[in-house]
$ cat structure.cif   # mmCIF, C-alpha atoms
data_run
loop_
_atom_site.group_PDB
_atom_site.id
_atom_site.type_symbol
_atom_site.label_atom_id
_atom_site.label_comp_id
_atom_site.auth_asym_id
_atom_site.auth_seq_id
_atom_site.Cartn_x
_atom_site.Cartn_y
_atom_site.Cartn_z
ATOM 1 C CA MET A 10 80.527 92.898 104.722
ATOM 2 C CA LYS A 11 83.154 93.152 101.986
ATOM 3 C CA SER A 12 84.303 96.739 101.673
ATOM 4 C CA ASN A 13 84.492 98.218 98.186
ATOM 5 C CA ILE A 14 87.533 100.346 98.945
ATOM 6 C CA SER A 15 91.283 100.079 98.389
ATOM 7 C CA GLU A 16 94.136 100.210 100.862
ATOM 8 C CA ALA A 17 95.398 103.259 98.936
ATOM 9 C CA THR A 18 92.151 105.070 99.812
ATOM 10 C CA ILE A 19 92.598 104.201 103.492
ATOM 11 C CA ALA A 20 96.232 105.357 103.379
ATOM 12 C CA GLY A 21 95.278 108.578 101.601
ATOM 13 C CA SER A 22 92.678 109.410 104.226
ATOM 14 C CA PHE A 23 95.029 108.892 107.168
ATOM 15 C CA ASN A 24 98.036 110.500 105.457
ATOM 16 C CA SER A 25 95.910 113.551 104.669
ATOM 17 C CA GLU A 26 95.021 113.788 108.350
ATOM 18 C CA LEU A 27 98.713 113.567 109.340
ATOM 19 C CA ASN A 28 99.519 116.270 106.801
ATOM 20 C CA ASN A 29 96.728 118.530 108.109
ATOM 21 C CA MET A 30 98.166 118.155 111.634
ATOM 22 C CA GLY A 31 101.520 119.372 110.321
ATOM 23 C CA HIS A 32 103.443 116.143 110.932
ATOM 24 C CA ASN A 33 106.369 115.119 108.770
ATOM 25 C CA PHE A 34 105.966 111.561 107.572
ATOM 26 C CA TRP A 35 107.605 109.244 105.094
ATOM 27 C CA LEU A 36 105.712 106.802 102.923
ATOM 28 C CA GLU A 37 106.444 103.176 102.163
ATOM 29 C CA ASN A 38 109.386 103.644 99.774
ATOM 30 C CA GLU A 39 110.746 106.858 101.276
ATOM 31 C CA TRP A 40 113.916 107.111 103.357
ATOM 32 C CA LEU A 41 113.478 107.962 107.067
ATOM 33 C CA ASN A 42 116.999 107.616 108.497
ATOM 34 C CA GLU A 43 120.010 105.333 108.147
ATOM 35 C CA SER A 44 119.513 103.170 111.231
ATOM 36 C CA ILE A 45 115.774 102.569 110.788
ATOM 37 C CA ASN A 46 116.012 101.955 107.056
ATOM 38 C CA SER A 47 118.949 99.559 107.505
ATOM 39 C CA ALA A 48 117.081 97.643 110.219
ATOM 40 C CA LEU A 49 113.996 97.305 108.021
ATOM 41 C CA GLU A 50 116.146 96.187 105.087
ATOM 42 C CA GLU A 51 118.065 93.571 107.109
ATOM 43 C CA TYR A 52 115.252 92.042 109.197
ATOM 44 C CA LEU A 53 113.240 89.053 108.005
ATOM 45 C CA SER A 54 110.377 90.282 105.802
ATOM 46 C CA LYS A 55 106.648 89.741 106.362
ATOM 47 C CA ASN A 56 106.871 87.070 103.670
ATOM 48 C CA GLY A 57 109.571 85.161 105.550
ATOM 49 C CA LYS A 58 112.345 86.224 103.170
ATOM 50 C CA ASN A 59 115.382 88.389 103.783
ATOM 51 C CA GLY A 60 114.751 92.109 104.147
ATOM 52 C CA GLY A 61 112.654 94.550 102.231
ATOM 53 C CA ASN A 62 110.344 95.601 105.075
ATOM 54 C CA ARG A 63 108.327 98.694 104.172
ATOM 55 C CA PRO A 64 105.839 100.130 106.657
ATOM 56 C CA ASP A 65 103.067 102.058 104.911
ATOM 57 C CA CYS A 66 104.030 105.220 106.798
ATOM 58 C CA LYS A 67 106.908 106.172 109.095
ATOM 59 C CA MET A 68 107.448 109.110 111.425
ATOM 60 C CA LEU A 69 109.917 110.299 114.037
ATOM 61 C CA LEU A 70 108.446 112.327 116.865
ATOM 62 C CA GLU A 71 110.458 114.083 119.530
ATOM 63 C CA ASP A 72 109.358 114.601 123.120
ATOM 64 C CA GLU A 73 110.042 117.708 125.213
ATOM 65 C CA LEU A 74 113.347 116.178 126.405
ATOM 66 C CA GLY A 75 114.608 115.639 122.855
ATOM 67 C CA ASN A 76 114.076 111.868 122.795
ATOM 68 C CA SER A 77 113.071 110.543 119.373
ATOM 69 C CA TYR A 78 110.410 107.882 118.944
ATOM 70 C CA PRO A 79 109.845 106.035 115.684
ATOM 71 C CA ILE A 80 106.200 105.657 114.710
ATOM 72 C CA LEU A 81 105.414 102.886 112.244
ATOM 73 C CA ILE A 82 101.977 102.777 110.643
ATOM 74 C CA GLU A 83 100.314 99.952 108.743
ATOM 75 C CA TYR A 84 97.030 100.354 106.857
ATOM 76 C CA LYS A 85 94.480 97.664 105.996
ATOM 77 C CA VAL A 86 90.967 97.507 104.562
ATOM 78 C CA GLY A 87 88.298 96.175 106.934
ATOM 79 C CA PHE A 88 87.771 96.441 110.672
ATOM 80 C CA ASN A 89 88.400 92.697 110.909
ATOM 81 C CA LYS A 90 91.998 93.305 109.737
ATOM 82 C CA MET A 91 93.108 95.380 112.731
ATOM 83 C CA VAL A 92 94.830 92.772 114.918
ATOM 84 C CA LYS A 93 95.043 89.013 115.406
ATOM 85 C CA LEU A 94 95.762 88.131 119.036
ATOM 86 C CA ASP A 95 97.315 84.974 120.434
ATOM 87 C CA SER A 96 95.882 83.014 123.377
ATOM 88 C CA ASN A 97 97.700 85.347 125.814
ATOM 89 C CA GLY A 98 96.206 88.520 124.329
ATOM 90 C CA TYR A 99 99.305 89.661 122.430
ATOM 91 C CA PRO A 100 99.442 90.249 118.678
ATOM 92 C CA ASP A 101 100.249 86.859 117.139
ATOM 93 C CA LEU A 102 103.432 87.117 115.091
ATOM 94 C CA THR A 103 104.071 83.369 114.949
ATOM 95 C CA GLN A 104 102.118 82.941 111.706
ATOM 96 C CA LEU A 105 103.319 84.895 108.656
ATOM 97 C CA ASN A 106 99.718 85.276 107.477
ATOM 98 C CA ASN A 107 98.918 87.237 110.646
ATOM 99 C CA VAL A 108 101.906 89.511 110.065
ATOM 100 C CA LYS A 109 100.913 90.097 106.427
ATOM 101 C CA ASN A 110 97.161 90.417 106.854
ATOM 102 C CA TYR A 111 96.628 92.390 110.083
ATOM 103 C CA ALA A 112 97.623 96.031 110.522
ATOM 104 C CA VAL A 113 98.879 95.883 114.122
ATOM 105 C CA ASN A 114 100.672 92.562 113.648
ATOM 106 C CA GLY A 115 102.527 93.904 110.603
ATOM 107 C CA ALA A 116 103.441 97.160 112.328
ATOM 108 C CA ILE A 117 104.762 95.292 115.386
ATOM 109 C CA HIS A 118 106.829 93.089 113.075
ATOM 110 C CA TYR A 119 108.466 96.256 111.711
ATOM 111 C CA ALA A 120 108.918 97.630 115.240
ATOM 112 C CA ARG A 121 110.755 94.484 116.265
ATOM 113 C CA ALA A 122 113.244 95.087 113.460
ATOM 114 C CA VAL A 123 113.818 98.632 114.678
ATOM 115 C CA ARG A 124 114.008 97.596 118.348
ATOM 116 C CA LEU A 125 116.456 94.755 117.731
ATOM 117 C CA LEU A 126 118.707 96.385 115.123
ATOM 118 C CA THR A 127 118.872 100.055 116.194
ATOM 119 C CA TYR A 128 119.373 102.070 119.365
ATOM 120 C CA TYR A 129 115.621 102.840 119.572
ATOM 121 C CA THR A 130 114.096 100.891 122.455
ATOM 122 C CA ASP A 131 110.625 102.455 122.433
ATOM 123 C CA ILE A 132 108.599 102.385 119.231
ATOM 124 C CA ILE A 133 105.008 103.423 118.680
ATOM 125 C CA VAL A 134 103.043 101.383 116.160
ATOM 126 C CA ILE A 135 99.719 102.313 114.683
ATOM 127 C CA GLY A 136 97.287 99.976 113.022
ATOM 128 C CA ALA A 137 94.816 101.951 110.933
ATOM 129 C CA VAL A 138 91.878 100.325 109.171
ATOM 130 C CA GLY A 139 88.795 101.494 107.397
ATOM 131 C CA GLU A 140 85.858 100.443 105.294
ATOM 132 C CA LYS A 141 82.815 102.009 103.718
ATOM 133 C CA ASN A 142 79.568 101.873 105.648
ATOM 134 C CA THR A 143 76.199 101.089 104.052
ATOM 135 C CA ASN A 144 75.893 104.752 102.989
ATOM 136 C CA GLY A 145 79.243 104.609 101.194
ATOM 137 C CA LYS A 146 80.983 106.799 103.780
ATOM 138 C CA LEU A 147 84.487 105.862 104.937
ATOM 139 C CA GLU A 148 84.625 104.774 108.573
ATOM 140 C CA ARG A 149 88.007 104.374 110.248
ATOM 141 C CA GLU A 150 89.568 102.929 113.364
ATOM 142 C CA VAL A 151 93.042 103.318 114.845
ATOM 143 C CA GLN A 152 94.902 101.312 117.465
ATOM 144 C CA VAL A 153 98.090 102.691 118.987
ATOM 145 C CA TRP A 154 100.533 100.203 120.511
ATOM 146 C CA TRP A 155 103.825 100.642 122.358
ATOM 147 C CA VAL A 156 106.630 98.203 121.555
ATOM 148 C CA SER A 157 109.559 98.292 123.945
ATOM 149 C CA ASP A 158 112.241 96.352 125.727
ATOM 150 C CA ALA A 159 109.980 96.749 128.774
ATOM 151 C CA ASN A 160 107.269 94.594 127.144
ATOM 152 C CA TYR A 161 109.749 92.251 125.439
ATOM 153 C CA GLY A 162 108.729 93.516 122.012
ATOM 154 C CA LYS A 163 105.265 91.964 122.319
ATOM 155 C CA GLY A 164 103.444 95.280 122.249
ATOM 156 C CA LYS A 165 100.983 96.908 124.601
ATOM 157 C CA LEU A 166 97.755 98.555 123.489
ATOM 158 C CA ILE A 167 97.813 102.228 124.403
ATOM 159 C CA LYS A 168 94.679 103.518 122.758
ATOM 160 C CA ASN A 169 91.838 102.522 120.464
ATOM 161 C CA ILE A 170 90.606 105.648 118.646
ATOM 162 C CA MET A 171 88.668 106.801 115.608
ATOM 163 C CA ILE A 172 90.990 109.682 114.611
ATOM 164 C CA LEU A 173 94.689 110.394 114.912
ATOM 165 C CA VAL A 174 95.615 112.960 117.534
ATOM 166 C CA PHE A 175 99.185 113.594 118.675
#

$ encode --input "structure.cif" --output "structure tokens"
Amino acid sequence: MKSNISEATIAGSFNSELNNMGHNFWLENEWLNESINSALEEYLSKNGKNGGNRPDCKMLLEDELGNSYPILIEYKVGFNKMVKLDSNGYPDLTQLNNVKNYAVNGAIHYARAVRLLTYYTDIIVIGAVGEKNTNGKLEREVQVWWVSDANYGKGKLIKNIMILVF
């Protein structure tokens, strides 16, 4: 079913939820910090060109030990746009169309830039999708993935949820 909804509506719904939880977040064109922004600017873009990577939403969360973890979020319209896996069950980043058209694949692409070009070795990525149901109500889905040196930047699914909670 083709959803009659825009990506901006999906983003607004999730960003409102983040705001209600009291989280600081930075949108696509907003500055997060020097190292992350430089990495995103320098790394190959989702279109295969130089730089200009812009996750839909960015956050930095700190754990109880003071370690900071970048969180990169990518929004898409349609449940079928969450993730495209390769034959080994990892998000397929070998095809630029997968990186551009699937929320998790795009977010992991951004995480690779941060992992390779900054001192952050553990990045959380969130793919968030939504579409209207037959009653016109917005339904949403979230997948949370961990991208790390420990998983060679391929990503590991942490959680598949309907709402954001952290």

$ residues_around --input "structure.cif" --residues "Asn110 in chain A" --least-positions-apart "6" --cutoff "9 Å" --atoms "only C-alpha atoms" --output "compact mmCIF listing (two decimals) with C-alpha atoms, keeping the file's coordinate frame"
# COMPACT_ATOMS: atom_id res chain seq x y z
CA LYS A 85 94.48 97.66 106.00
CA LYS A 90 92.00 93.30 109.74
CA MET A 91 93.11 95.38 112.73
CA VAL A 92 94.83 92.77 114.92
CA LYS A 93 95.04 89.01 115.41

$ atom_distance --input "structure.cif" --atom1 "CA of Asp95 in chain A" --atom2 "CA of Leu126 in chain A"
24.8 Å

$ closest_residue --input "structure.cif" --among "A:Ile45, A:Leu74, A:Ala120, A:Cys66" --to "Asp158 in chain A" --atoms "all atoms listed in the file"
A:Ala120

$ residues_around --input "structure.cif" --residues "Trp35 in chain A" --least-positions-apart "2" --cutoff "7 Å" --atoms "only C-alpha atoms" --output "ChimeraX atom specification"
/A:37,39-41,66-68

$ closest_residue --input "structure.cif" --among "A:Tyr161, A:Tyr52, A:Tyr84, A:Trp154" --to "Thr18 in chain A" --atoms "only C-alpha atoms"
A:Tyr84

$ resolve_selection --input "structure.cif" --expression "the PyMOL selection byres ((chain A and resi 147) around 10)" --output "MDAnalysis selection string"
chainID A and resid 12 14 18:19 22 139:146 148:149

$ atom_distance --input "structure.cif" --atom1 "CA of Ala20 in chain A" --atom2 "CA of Ile82 in chain A"
9.6 Å

$ atom_distance --input "structure.cif" --atom1 "CA of Val151 in chain A" --atom2 "CA of Val123 in chain A"
21.3 Å

$ axis_aligned_box --input "structure.cif" --around "range 82-89 of chain A" --padding-each-side "4 Å" --output "JSON"
{"center_x": 94.9, "center_y": 97.7, "center_z": 107.7, "size_x": 22.2, "size_y": 18.1, "size_z": 14.3}

$ residues_around --input "structure.cif" --residues "range 114-117 of chain A" --least-positions-apart "6" --cutoff "12 Å" --atoms "only C-alpha atoms" --output "PyMOL selection string"
chain A and resi 49+54-56+62-67+79-85+90-95+99-108+123-125+131-137+152-157+161-166

$ resolve_selection --input "structure.cif" --expression "the PyMOL selection byres ((chain A and resi 70) around 10)" --output "VMD selection string"
chain A and resid 32 to 34 68 to 69 71 to 72 75 to 80 133 175

$ closest_residue --input "structure.cif" --among "A:Gly21, A:Ala122, A:Ile167, A:Thr127" --to "Glu51 in chain A" --atoms "only C-alpha atoms"
A:Ala122
